[in-house]
Each structure stands twice: as structure tokens, then as C-alpha cells.
file query.cif (mmCIF, C-alpha atoms)
data_structure
#
loop_
_atom_site.label_atom_id
_atom_site.label_comp_id
_atom_site.auth_asym_id
_atom_site.auth_seq_id
_atom_site.Cartn_x
_atom_site.Cartn_y
_atom_site.Cartn_z
CA MET A 1 10.14 33.46 35.66
CA THR A 2 8.21 35.60 33.20
CA THR A 3 5.06 34.36 31.51
CA ALA A 4 6.84 34.19 28.13
CA ARG A 5 9.71 32.11 29.55
CA LEU A 6 7.25 29.80 31.30
CA ALA A 7 5.35 29.30 28.06
CA ARG A 8 8.57 28.49 26.20
CA SER A 9 9.58 26.01 28.90
CA LEU A 10 6.22 24.26 28.71
CA VAL A 11 6.43 24.02 24.93
CA CYS A 12 9.96 22.60 25.10
CA ALA A 13 8.87 20.06 27.68
CA ALA A 14 5.89 19.01 25.57
CA LEU A 15 7.81 18.59 22.30
CA PRO A 16 9.25 15.12 23.05
CA ALA A 17 5.80 13.84 24.00
CA LEU A 18 4.27 15.28 20.84
CA ALA A 19 7.02 13.75 18.69
CA LEU A 20 6.47 10.39 20.34
CA ALA A 21 2.72 10.58 19.75
CA HIS A 22 3.33 11.48 16.10
CA ALA A 23 5.73 8.58 15.54
CA THR A 24 4.16 5.83 17.66
CA PRO A 25 2.24 4.24 14.73
CA VAL A 26 5.61 3.61 13.03
CA VAL A 27 5.72 0.31 14.96
CA SER A 28 3.25 -1.01 12.39
CA THR A 29 6.15 -0.95 9.90
CA LEU A 30 7.49 -4.10 11.59
CA GLY A 31 5.95 -6.84 9.46
CA PRO A 32 5.79 -9.73 11.97
CA LEU A 33 4.32 -7.46 14.65
CA ARG A 34 1.81 -5.96 12.24
CA ASN A 35 0.70 -9.33 10.89
CA ARG A 36 0.17 -10.70 14.38
CA LEU A 37 -1.36 -7.76 16.21
CA MET A 38 -2.81 -5.55 13.44
CA PRO A 39 -4.39 -7.95 10.91
CA ARG A 40 -6.73 -5.37 9.45
CA LEU A 41 -3.94 -2.86 8.81
CA ALA A 42 -1.77 -5.67 7.41
CA GLY A 43 -4.47 -6.53 4.89
CA GLN A 44 -5.39 -9.96 6.17
CA GLY A 45 -8.68 -11.09 4.68
CA ARG A 46 -10.47 -14.23 3.53
CA THR A 47 -8.35 -17.32 4.02
CA ASP A 48 -9.25 -18.58 0.53
CA HIS A 49 -8.15 -15.33 -1.13
CA VAL A 50 -4.91 -13.42 -1.78
CA ALA A 51 -4.95 -9.70 -2.51
CA LEU A 52 -2.56 -8.55 -5.24
CA THR A 53 -1.42 -4.94 -4.93
CA PHE A 54 1.01 -2.64 -6.73
CA ASP A 55 2.58 0.64 -5.59
CA ASP A 56 4.21 3.72 -7.15
CA GLY A 57 2.39 3.86 -10.51
CA PRO A 58 1.14 4.65 -12.93
CA ASP A 59 4.10 4.65 -15.27
CA PRO A 60 3.44 4.61 -19.03
CA LEU A 61 6.72 2.75 -19.60
CA SER A 62 5.92 -0.19 -17.32
CA THR A 63 2.33 -0.30 -16.07
CA PRO A 64 0.84 -1.35 -19.45
CA PHE A 65 2.94 -4.54 -19.35
CA PHE A 66 1.38 -5.47 -16.01
CA LEU A 67 -2.09 -4.66 -17.26
CA ARG A 68 -1.58 -6.87 -20.29
CA LEU A 69 -0.29 -9.81 -18.26
CA LEU A 70 -3.10 -9.54 -15.71
CA ASP A 71 -5.68 -9.31 -18.47
CA GLU A 72 -4.29 -12.46 -20.09
CA ARG A 73 -4.64 -14.27 -16.76
CA GLY A 74 -8.09 -12.84 -16.07
CA ILE A 75 -6.93 -11.29 -12.79
CA ARG A 76 -7.65 -7.89 -11.29
CA ALA A 77 -5.50 -6.10 -8.72
CA THR A 78 -5.38 -3.01 -6.52
CA PHE A 79 -3.07 -0.24 -7.69
CA PHE A 80 -1.95 2.34 -5.11
CA LEU A 81 -1.22 5.36 -7.28
CA LEU A 82 0.82 8.46 -6.63
CA GLY A 83 -1.41 11.44 -7.28
CA SER A 84 1.36 13.34 -9.03
CA ALA A 85 1.88 10.44 -11.45
CA ALA A 86 -1.85 9.92 -11.95
CA VAL A 87 -2.44 13.45 -13.21
CA ARG A 88 0.43 13.10 -15.68
CA ASP A 89 -1.08 9.94 -17.16
CA ALA A 90 -4.80 10.32 -16.53
CA GLY A 91 -5.64 8.29 -19.63
CA LEU A 92 -3.70 5.33 -18.29
CA VAL A 93 -5.51 5.61 -14.94
CA ARG A 94 -8.87 5.56 -16.71
CA GLU A 95 -7.71 2.51 -18.68
CA MET A 96 -6.82 0.74 -15.45
CA GLY A 97 -10.23 1.48 -13.97
CA ALA A 98 -12.04 0.44 -17.14
CA ALA A 99 -10.19 -2.90 -17.03
CA GLY A 100 -11.69 -3.58 -13.61
CA HIS A 101 -8.70 -2.85 -11.41
CA GLU A 102 -9.17 -1.14 -8.06
CA ILE A 103 -7.66 2.33 -7.87
CA ALA A 104 -6.29 3.44 -4.50
CA ILE A 105 -3.85 6.15 -3.45
CA HIS A 106 -0.24 6.18 -2.28
CA GLY A 107 -0.25 9.88 -1.47
CA TRP A 108 0.56 12.76 -3.79
CA ALA A 109 4.35 12.56 -3.53
CA HIS A 110 6.48 9.64 -2.40
CA ARG A 111 7.75 11.30 0.75
CA PRO A 112 7.82 9.69 4.23
CA LEU A 113 4.89 10.90 6.31
CA LEU A 114 7.14 10.87 9.35
CA LEU A 115 8.67 14.05 7.92
CA ARG A 116 5.29 15.75 7.54
CA GLY A 117 3.19 17.54 10.10
CA PRO A 118 -0.59 17.12 10.47
CA ARG A 119 -1.53 19.85 7.98
CA SER A 120 0.98 18.73 5.37
CA THR A 121 -0.12 15.10 5.76
CA TYR A 122 -3.77 15.96 5.31
CA ASP A 123 -3.07 18.17 2.30
CA ASP A 124 -1.00 15.47 0.61
CA LEU A 125 -3.66 12.79 1.03
CA ALA A 126 -6.53 15.12 0.14
CA ARG A 127 -4.76 16.26 -3.03
CA ALA A 128 -4.14 12.68 -4.15
CA ARG A 129 -7.69 11.61 -3.28
CA GLY A 130 -9.17 14.55 -5.17
CA ALA A 131 -7.02 13.99 -8.24
CA VAL A 132 -7.90 10.30 -8.52
CA ALA A 133 -11.59 11.03 -7.92
CA ASP A 134 -11.56 13.63 -10.69
CA ILE A 135 -9.92 11.19 -13.12
CA THR A 136 -11.98 8.09 -12.37
CA GLY A 137 -15.24 9.67 -11.28
CA GLN A 138 -15.11 7.73 -8.00
CA PRO A 139 -13.35 8.68 -4.77
CA PRO A 140 -10.75 6.07 -3.77
CA ARG A 141 -11.38 4.14 -0.54
CA LEU A 142 -7.91 2.80 0.26
CA PHE A 143 -4.58 4.38 1.15
CA ARG A 144 -1.08 2.99 1.57
CA PRO A 145 1.59 5.32 2.97
CA PRO A 146 4.96 5.71 1.25
CA TYR A 147 7.44 3.20 2.68
CA GLY A 148 4.60 1.72 4.73
CA VAL A 149 5.15 4.28 7.50
CA MET A 150 1.98 5.44 9.25
CA THR A 151 1.83 8.31 11.75
CA THR A 152 -0.82 9.63 14.07
CA ALA A 153 -1.41 12.47 11.63
CA ALA A 154 -1.90 9.96 8.81
CA HIS A 155 -4.47 7.99 10.81
CA LEU A 156 -6.37 11.19 11.57
CA ALA A 157 -6.22 12.34 7.96
CA THR A 158 -7.46 9.03 6.56
CA ARG A 159 -10.39 9.11 8.97
CA ARG A 160 -11.35 12.63 7.88
CA LEU A 161 -11.07 11.70 4.21
CA GLY A 162 -12.92 8.39 4.45
CA LEU A 163 -9.85 6.35 3.56
CA THR A 164 -8.82 2.99 4.97
CA PRO A 165 -5.06 2.43 5.38
CA VAL A 166 -3.86 -0.99 4.22
CA LEU A 167 -0.26 -2.23 4.30
CA TRP A 168 0.73 -5.82 3.39
CA THR A 169 1.59 -9.23 4.77
CA CYS A 170 4.34 -10.07 2.27
CA TRP A 171 6.40 -8.28 -0.35
CA GLY A 172 8.89 -9.07 -3.06
CA GLU A 173 11.66 -6.61 -2.16
CA ASP A 174 11.53 -5.96 -5.87
CA TRP A 175 12.95 -2.44 -5.57
CA ARG A 176 16.44 -3.71 -4.80
CA ALA A 177 19.20 -3.47 -7.40
CA ARG A 178 20.16 -7.11 -6.79
CA ALA A 179 16.60 -8.41 -7.19
CA THR A 180 15.84 -11.00 -9.87
CA PRO A 181 12.56 -12.63 -10.90
CA GLY A 182 13.61 -15.63 -8.82
CA THR A 183 14.33 -13.64 -5.66
CA VAL A 184 11.09 -11.68 -6.00
CA HIS A 185 9.05 -14.88 -6.28
CA ARG A 186 10.91 -16.54 -3.42
CA THR A 187 10.61 -13.54 -1.11
CA VAL A 188 6.87 -13.19 -1.74
CA THR A 189 6.04 -16.85 -1.29
CA THR A 190 8.16 -17.33 1.85
CA ASP A 191 5.60 -15.37 3.88
CA LEU A 192 2.54 -15.86 1.70
CA ARG A 193 -0.52 -17.46 3.27
CA GLY A 194 -4.17 -17.58 2.37
CA GLY A 195 -5.73 -14.28 3.37
CA GLY A 196 -2.49 -12.40 2.71
CA THR A 197 -1.82 -9.20 0.80
CA ILE A 198 1.10 -9.05 -1.64
CA LEU A 199 3.02 -5.82 -2.25
CA LEU A 200 4.78 -5.38 -5.59
CA HIS A 201 5.73 -2.35 -7.69
CA ASP A 202 4.67 -1.58 -11.25
CA SER A 203 7.03 1.41 -11.44
CA ASP A 204 10.67 2.04 -10.56
CA CYS A 205 10.18 5.70 -9.63
CA THR A 206 11.62 4.98 -6.16
CA SER A 207 13.35 1.69 -6.99
CA ALA A 208 16.45 0.56 -8.82
CA PRO A 209 16.32 1.41 -12.53
CA CYS A 210 14.28 -1.10 -14.54
CA SER A 211 13.50 -3.10 -11.40
CA TRP A 212 9.93 -3.43 -12.60
CA ARG A 213 11.14 -5.96 -15.17
CA ASN A 214 12.08 -8.35 -12.36
CA THR A 215 8.62 -7.91 -10.86
CA LEU A 216 6.99 -8.57 -14.20
CA GLY A 217 9.16 -11.64 -14.69
CA ALA A 218 8.21 -13.00 -11.25
CA LEU A 219 4.48 -12.30 -11.52
CA PRO A 220 3.41 -15.39 -13.51
CA ARG A 221 5.13 -17.70 -11.00
CA ILE A 222 3.55 -15.84 -8.09
CA LEU A 223 0.12 -16.22 -9.65
CA ASP A 224 0.79 -19.90 -10.33
CA THR A 225 1.80 -20.44 -6.70
CA CYS A 226 -1.44 -18.88 -5.48
CA GLN A 227 -3.52 -20.96 -7.85
CA ASP A 228 -1.65 -24.16 -6.97
CA ASN A 229 -2.61 -23.54 -3.33
CA GLY A 230 -6.24 -23.06 -4.25
CA TRP A 231 -6.28 -19.36 -3.39
CA GLN A 232 -8.34 -16.93 -5.41
CA ILE A 233 -6.40 -13.82 -6.47
CA GLY A 234 -7.90 -10.38 -6.75
CA PRO A 235 -8.11 -6.81 -5.50
CA LEU A 236 -8.55 -5.73 -1.91
CA ARG A 237 -12.22 -4.93 -2.49
CA ASP A 238 -12.82 -8.68 -2.81
CA HIS A 239 -10.52 -9.61 0.05
CA GLY A 240 -13.01 -9.44 2.91
CA ILE A 241 -10.98 -7.21 5.21
CA PRO A 242 -13.12 -6.89 8.35
CA PRO A 243 -14.36 -3.64 9.86
CA ALA A 244 -12.24 -2.14 12.60
CA ASN A 245 -14.43 -3.53 15.39
CA ARG A 246 -14.04 -7.15 14.30
CA VAL A 247 -11.19 -9.45 15.34
CA PRO A 248 -10.17 -12.94 14.24
CA ASN A 249 -10.99 -15.92 16.44
CA LEU A 250 -8.77 -18.95 16.97
CA THR A 251 -9.74 -20.42 13.59
CA GLY A 252 -8.78 -17.28 11.71
CA GLN A 253 -12.39 -16.32 11.01
CA TYR A 254 -13.75 -12.90 11.89
CA THR A 255 -16.58 -12.50 14.39
#
call {"tool": "encode", "arguments": {"input": "query.cif", "output": "C-alpha cells"}}
result
Amino acid sequence: MTTARLARSLVCAALPALALAHATPVVSTLGPLRNRLMPRLAGQGRTDHVALTFDDGPDPLSTPFFLRLLDERGIRATFFLLGSAAVRDAGLVREMGAAGHEIAIHGWAHRPLLLRGPRSTYDDLARARGAVADITGQPPRLFRPPYGVMTTAAHLATRRLGLTPVLWTCWGEDWRARATPGTVHRTVTTDLRGGGTILLHDSDCTSAPCSWRNTLGALPRILDTCQDNGWQIGPLRDHGIPPANRVPNLTGQYT
């Protein structure tokens, strides 16, 4: 066997292992497993607090309605923005920051990271981080991957960029065409507990057309449910997510 053929054989043999290493973090997409074994990645924080988060914005047609409702209720949230959308509506992003909301990133383009290699993943996150930092004057600290799918390359990129990946403990499935305000509220609250992180969408850029209206319609009831349970509602920065080297004890507190 020639040296060239041996090299090709070794590369071919290594490819399955490399693909597996790249995709292994995808198991965190499974909500029950993530919530049980990866509380920090799931966004579990203070048991007296619920983190409210939105993905896929900003959208000038829908995001202002959410900002108005949240302002009326005196509540701040974390918005995971797409970098490509943020640069198109930089004024809206600055308005969100000025209102006290936490600005995080959802990548530059809403494309599954499983389809990206290490260089492409890093470039996508770095571009989004840089764009949001230029607009707001502050580099974002948090990242949520499109579709909630993390990869090894994404973990490495977030570490290099000083970003913390955060997924969610419950969602509203508000992107579905058959969603209604009632189903969004019911789906969120079925799995909602103190210390949880809620995922909703303030844009329908990857959802059914006008699906954001169902989210907006469900939001007051979701906020009421949190308040009825005595949970404070706010952004992830107030959520008390522990550092990576801390784990919850049997009482749910972090040591």
C-alpha cells in the first residue's frame, strides 16, 4: 500500500469518529434529559425566579408589541437575536437595550449548527457577537443555538468568544401553525417550575406566518401564572445560573 493510499484509508476510518464527536452534544436537545442532567445548559436557576426569553428577533412588525406589553407589566426579558436581523433594525435593538432587556445572540443566520464545520460555526457566532456589540456598545454574554442544537464546535466557539450557551426548560411550541394562545400557555405551564427558563418567539421568521400573535396572546396568562405561584419573572442575568463547576444538591440549591 502506498503512503497516499494509507493516508486516505486512515482519513476514511477517522471520519465516523469525527462526525460522532461533532454531533455528540446533540443529546442536549432532548428536554427531559437536559433538564435532569444538564441544569446549567437548560437554564435552571433560582427556585423563586423564572427566566423569560424570546428567540428569532428583532422584527419591526412584531417585537414592538412584546416590548409594549412587557413594559406595561414592568417585566424585563432576555432576547436572543439573530445577527442578520439585528443589523437590519439596529434602532429597535438599541430601544430594547434602553428599556432594560438583556440582549443575547441566536447566531447570525438561523441555520442548524449540525450542518456547519468548526470554522463556519465560529465565524457565524463571532459575526453575530460583533454586530450586537457594535449596536449596543456591550458584548453579549449569552448564546442560544438555532433549534437548540449544540455541537462540539459550538461549545468550543462559545468558549473562545466568552459566550455561555443557554437552552430552556419549557417552551410554548408557538411556531406551529395549529398553535393558539391557549395551547401556548398550556404547553409552557405544563413543564414550568420555579427556576425554569421559558422559550417563546417574538418573530415568525422561522415559524408559521403570524404565529407571534398567538405568543403575544398567551403572554399575559403566562405572566399571571408565574406571579400566582410567587415566582419573580425576569431576564437570565437575574436568574442565578450557577458557574459550570457548581451542581445542585438534593434541595435544588447550588453548592
call {"tool": "resolve_selection", "arguments": {"input": "query.cif", "expression": "the PyMOL selection byres ((chain A and resi 134-151) around 7)", "output": "compact mmCIF listing (two decimals) with C-alpha atoms, in the coordinates of the input"}}
result
# COMPACT_ATOMS: atom_id res chain seq x y z
CA HIS A 22 3.33 11.48 16.10
CA ALA A 23 5.73 8.58 15.54
CA THR A 24 4.16 5.83 17.66
CA PRO A 25 2.24 4.24 14.73
CA VAL A 26 5.61 3.61 13.03
CA THR A 29 6.15 -0.95 9.90
CA PHE A 80 -1.95 2.34 -5.11
CA ALA A 90 -4.80 10.32 -16.53
CA ARG A 94 -8.87 5.56 -16.71
CA ILE A 103 -7.66 2.33 -7.87
CA ALA A 104 -6.29 3.44 -4.50
CA ILE A 105 -3.85 6.15 -3.45
CA HIS A 106 -0.24 6.18 -2.28
CA GLY A 107 -0.25 9.88 -1.47
CA HIS A 110 6.48 9.64 -2.40
CA ARG A 111 7.75 11.30 0.75
CA PRO A 112 7.82 9.69 4.23
CA LEU A 113 4.89 10.90 6.31
CA LEU A 114 7.14 10.87 9.35
CA ARG A 129 -7.69 11.61 -3.28
CA GLY A 130 -9.17 14.55 -5.17
CA ALA A 131 -7.02 13.99 -8.24
CA VAL A 132 -7.90 10.30 -8.52
CA ALA A 133 -11.59 11.03 -7.92
CA THR A 152 -0.82 9.63 14.07
CA ALA A 153 -1.41 12.47 11.63
CA ALA A 154 -1.90 9.96 8.81
CA HIS A 155 -4.47 7.99 10.81
CA GLY A 162 -12.92 8.39 4.45
CA LEU A 163 -9.85 6.35 3.56
CA THR A 164 -8.82 2.99 4.97
CA PRO A 165 -5.06 2.43 5.38
CA VAL A 166 -3.86 -0.99 4.22
CA LEU A 167 -0.26 -2.23 4.30
call {"tool": "residues_near_point", "arguments": {"input": "query.cif", "point": "(-3.5, -8.1, -7.5)", "cutoff": "8 Å", "atoms": "only C-alpha atoms", "output": "MDAnalysis selection string"}}
result
chainID A and resid 50:54 75:79 198 233:236
call {"tool": "atom_distance", "arguments": {"input": "query.cif", "atom1": "atom CA of A:Trp168", "atom2": "atom CA of A:Glu72"}}
result
24.9 Å
call {"tool": "atom_distance", "arguments": {"input": "query.cif", "atom1": "atom CA of A:Thr169", "atom2": "atom CA of A:Leu219"}}
result
16.8 Å
call {"tool": "resolve_selection", "arguments": {"input": "query.cif", "expression": "the PyMOL selection byres ((chain A and resi 212) around 12)", "output": "PyMOL selection string"}}
result
chain A and resi 54-59+61-66+172-177+179-181+184+200-211+213-219
call {"tool": "atom_distance", "arguments": {"input": "query.cif", "atom1": "atom CA of A:Thr121", "atom2": "atom CA of A:Ala157"}}
result
7.0 Å
call {"tool": "decode", "arguments": {"input": "query.cif", "residues": "stretch 153-247 of chain A", "atoms": "C-alpha atoms", "output": "PDB file, in the first residue's frame"}}
result
ATOM      1  CA  ALA A 153     -17.715  23.045  17.507  1.00  0.00           C
ATOM      2  CA  ALA A 154     -20.354  25.307  19.061  1.00  0.00           C
ATOM      3  CA  HIS A 155     -19.105  24.585  22.581  1.00  0.00           C
ATOM      4  CA  LEU A 156     -15.548  25.380  21.520  1.00  0.00           C
ATOM      5  CA  ALA A 157     -16.612  28.560  19.730  1.00  0.00           C
ATOM      6  CA  THR A 158     -18.628  29.869  22.677  1.00  0.00           C
ATOM      7  CA  ARG A 159     -15.663  29.290  24.969  1.00  0.00           C
ATOM      8  CA  ARG A 160     -13.346  31.238  22.661  1.00  0.00           C
ATOM      9  CA  LEU A 161     -15.844  34.084  22.357  1.00  0.00           C
ATOM     10  CA  GLY A 162     -16.717  34.301  26.052  1.00  0.00           C
ATOM     11  CA  LEU A 163     -20.306  33.206  25.495  1.00  0.00           C
ATOM     12  CA  THR A 164     -22.421  30.977  27.711  1.00  0.00           C
ATOM     13  CA  PRO A 165     -24.863  28.665  25.910  1.00  0.00           C
ATOM     14  CA  VAL A 166     -28.324  28.524  27.480  1.00  0.00           C
ATOM     15  CA  LEU A 167     -31.264  26.466  26.217  1.00  0.00           C
ATOM     16  CA  TRP A 168     -34.584  26.197  28.109  1.00  0.00           C
ATOM     17  CA  THR A 169     -36.640  24.066  30.468  1.00  0.00           C
ATOM     18  CA  CYS A 170     -40.028  24.694  28.828  1.00  0.00           C
ATOM     19  CA  TRP A 171     -41.372  26.173  25.624  1.00  0.00           C
ATOM     20  CA  GLY A 172     -44.666  27.113  24.068  1.00  0.00           C
ATOM     21  CA  GLU A 173     -44.359  25.337  20.710  1.00  0.00           C
ATOM     22  CA  ASP A 174     -45.610  28.667  19.453  1.00  0.00           C
ATOM     23  CA  TRP A 175     -44.083  28.233  15.995  1.00  0.00           C
ATOM     24  CA  ARG A 176     -46.654  25.636  14.970  1.00  0.00           C
ATOM     25  CA  ALA A 177     -49.406  26.511  12.504  1.00  0.00           C
ATOM     26  CA  ARG A 178     -52.024  24.951  14.791  1.00  0.00           C
ATOM     27  CA  ALA A 179     -50.880  26.877  17.882  1.00  0.00           C
ATOM     28  CA  THR A 180     -53.337  29.146  19.693  1.00  0.00           C
ATOM     29  CA  PRO A 181     -52.868  31.408  22.709  1.00  0.00           C
ATOM     30  CA  GLY A 182     -54.446  28.657  24.796  1.00  0.00           C
ATOM     31  CA  THR A 183     -52.124  25.908  23.570  1.00  0.00           C
ATOM     32  CA  VAL A 184     -49.063  28.115  24.014  1.00  0.00           C
ATOM     33  CA  HIS A 185     -49.997  28.886  27.618  1.00  0.00           C
ATOM     34  CA  ARG A 186     -50.844  25.266  28.370  1.00  0.00           C
ATOM     35  CA  THR A 187     -47.651  23.902  26.815  1.00  0.00           C
ATOM     36  CA  VAL A 188     -45.453  26.365  28.719  1.00  0.00           C
ATOM     37  CA  THR A 189     -47.075  25.842  32.090  1.00  0.00           C
ATOM     38  CA  THR A 190     -47.184  22.028  31.851  1.00  0.00           C
ATOM     39  CA  ASP A 191     -43.419  21.874  32.414  1.00  0.00           C
ATOM     40  CA  LEU A 192     -42.896  25.196  34.180  1.00  0.00           C
ATOM     41  CA  ARG A 193     -41.327  25.143  37.626  1.00  0.00           C
ATOM     42  CA  GLY A 194     -39.604  27.714  39.764  1.00  0.00           C
ATOM     43  CA  GLY A 195     -36.078  28.153  38.465  1.00  0.00           C
ATOM     44  CA  GLY A 196     -37.153  27.382  34.900  1.00  0.00           C
ATOM     45  CA  THR A 197     -36.420  29.164  31.642  1.00  0.00           C
ATOM     46  CA  ILE A 198     -39.250  29.808  29.176  1.00  0.00           C
ATOM     47  CA  LEU A 199     -38.641  29.853  25.424  1.00  0.00           C
ATOM     48  CA  LEU A 200     -41.006  31.884  23.244  1.00  0.00           C
ATOM     49  CA  HIS A 201     -40.639  33.665  19.895  1.00  0.00           C
ATOM     50  CA  ASP A 202     -41.184  37.350  19.159  1.00  0.00           C
ATOM     51  CA  SER A 203     -40.796  36.783  15.409  1.00  0.00           C
ATOM     52  CA  ASP A 204     -42.192  34.313  12.897  1.00  0.00           C
ATOM     53  CA  CYS A 205     -39.119  34.326  10.640  1.00  0.00           C
ATOM     54  CA  THR A 206     -38.815  30.542  11.089  1.00  0.00           C
ATOM     55  CA  SER A 207     -42.355  29.875  12.314  1.00  0.00           C
ATOM     56  CA  ALA A 208     -45.829  29.706  10.838  1.00  0.00           C
ATOM     57  CA  PRO A 209     -46.957  33.071   9.438  1.00  0.00           C
ATOM     58  CA  CYS A 210     -48.269  35.414  12.136  1.00  0.00           C
ATOM     59  CA  SER A 211     -47.595  32.819  14.834  1.00  0.00           C
ATOM     60  CA  TRP A 212     -46.196  35.584  17.014  1.00  0.00           C
ATOM     61  CA  ARG A 213     -49.760  36.779  17.583  1.00  0.00           C
ATOM     62  CA  ASN A 214     -50.528  33.552  19.448  1.00  0.00           C
ATOM     63  CA  THR A 215     -47.442  34.069  21.591  1.00  0.00           C
ATOM     64  CA  LEU A 216     -48.444  37.630  22.335  1.00  0.00           C
ATOM     65  CA  GLY A 217     -51.957  36.492  23.205  1.00  0.00           C
ATOM     66  CA  ALA A 218     -50.631  33.831  25.592  1.00  0.00           C
ATOM     67  CA  LEU A 219     -48.040  36.029  27.297  1.00  0.00           C
ATOM     68  CA  PRO A 220     -50.301  37.790  29.838  1.00  0.00           C
ATOM     69  CA  ARG A 221     -51.642  34.438  31.090  1.00  0.00           C
ATOM     70  CA  ILE A 222     -48.117  33.035  31.319  1.00  0.00           C
ATOM     71  CA  LEU A 223     -47.016  36.025  33.374  1.00  0.00           C
ATOM     72  CA  ASP A 224     -50.093  35.702  35.581  1.00  0.00           C
ATOM     73  CA  THR A 225     -49.338  32.023  36.183  1.00  0.00           C
ATOM     74  CA  CYS A 226     -45.798  32.846  37.284  1.00  0.00           C
ATOM     75  CA  GLN A 227     -46.977  35.582  39.600  1.00  0.00           C
ATOM     76  CA  ASP A 228     -49.745  33.411  41.051  1.00  0.00           C
ATOM     77  CA  ASN A 229     -47.053  30.881  42.003  1.00  0.00           C
ATOM     78  CA  GLY A 230     -44.966  33.560  43.674  1.00  0.00           C
ATOM     79  CA  TRP A 231     -42.182  33.412  41.100  1.00  0.00           C
ATOM     80  CA  GLN A 232     -40.324  36.531  40.085  1.00  0.00           C
ATOM     81  CA  ILE A 233     -40.020  36.944  36.305  1.00  0.00           C
ATOM     82  CA  GLY A 234     -37.041  38.456  34.574  1.00  0.00           C
ATOM     83  CA  PRO A 235     -34.038  38.044  32.291  1.00  0.00           C
ATOM     84  CA  LEU A 236     -31.386  35.369  32.560  1.00  0.00           C
ATOM     85  CA  ARG A 237     -28.921  37.824  34.084  1.00  0.00           C
ATOM     86  CA  ASP A 238     -31.107  37.819  37.214  1.00  0.00           C
ATOM     87  CA  HIS A 239     -31.745  34.090  37.149  1.00  0.00           C
ATOM     88  CA  GLY A 240     -28.775  32.930  39.203  1.00  0.00           C
ATOM     89  CA  ILE A 241     -27.497  30.290  36.787  1.00  0.00           C
ATOM     90  CA  PRO A 242     -24.519  28.732  38.581  1.00  0.00           C
ATOM     91  CA  PRO A 243     -20.976  28.564  37.233  1.00  0.00           C
ATOM     92  CA  ALA A 244     -20.013  25.400  35.415  1.00  0.00           C
ATOM     93  CA  ASN A 245     -18.253  23.910  38.450  1.00  0.00           C
ATOM     94  CA  ARG A 246     -21.319  24.085  40.688  1.00  0.00           C
ATOM     95  CA  VAL A 247     -24.023  21.422  40.906  1.00  0.00           C
TER      96      VAL A 247
END
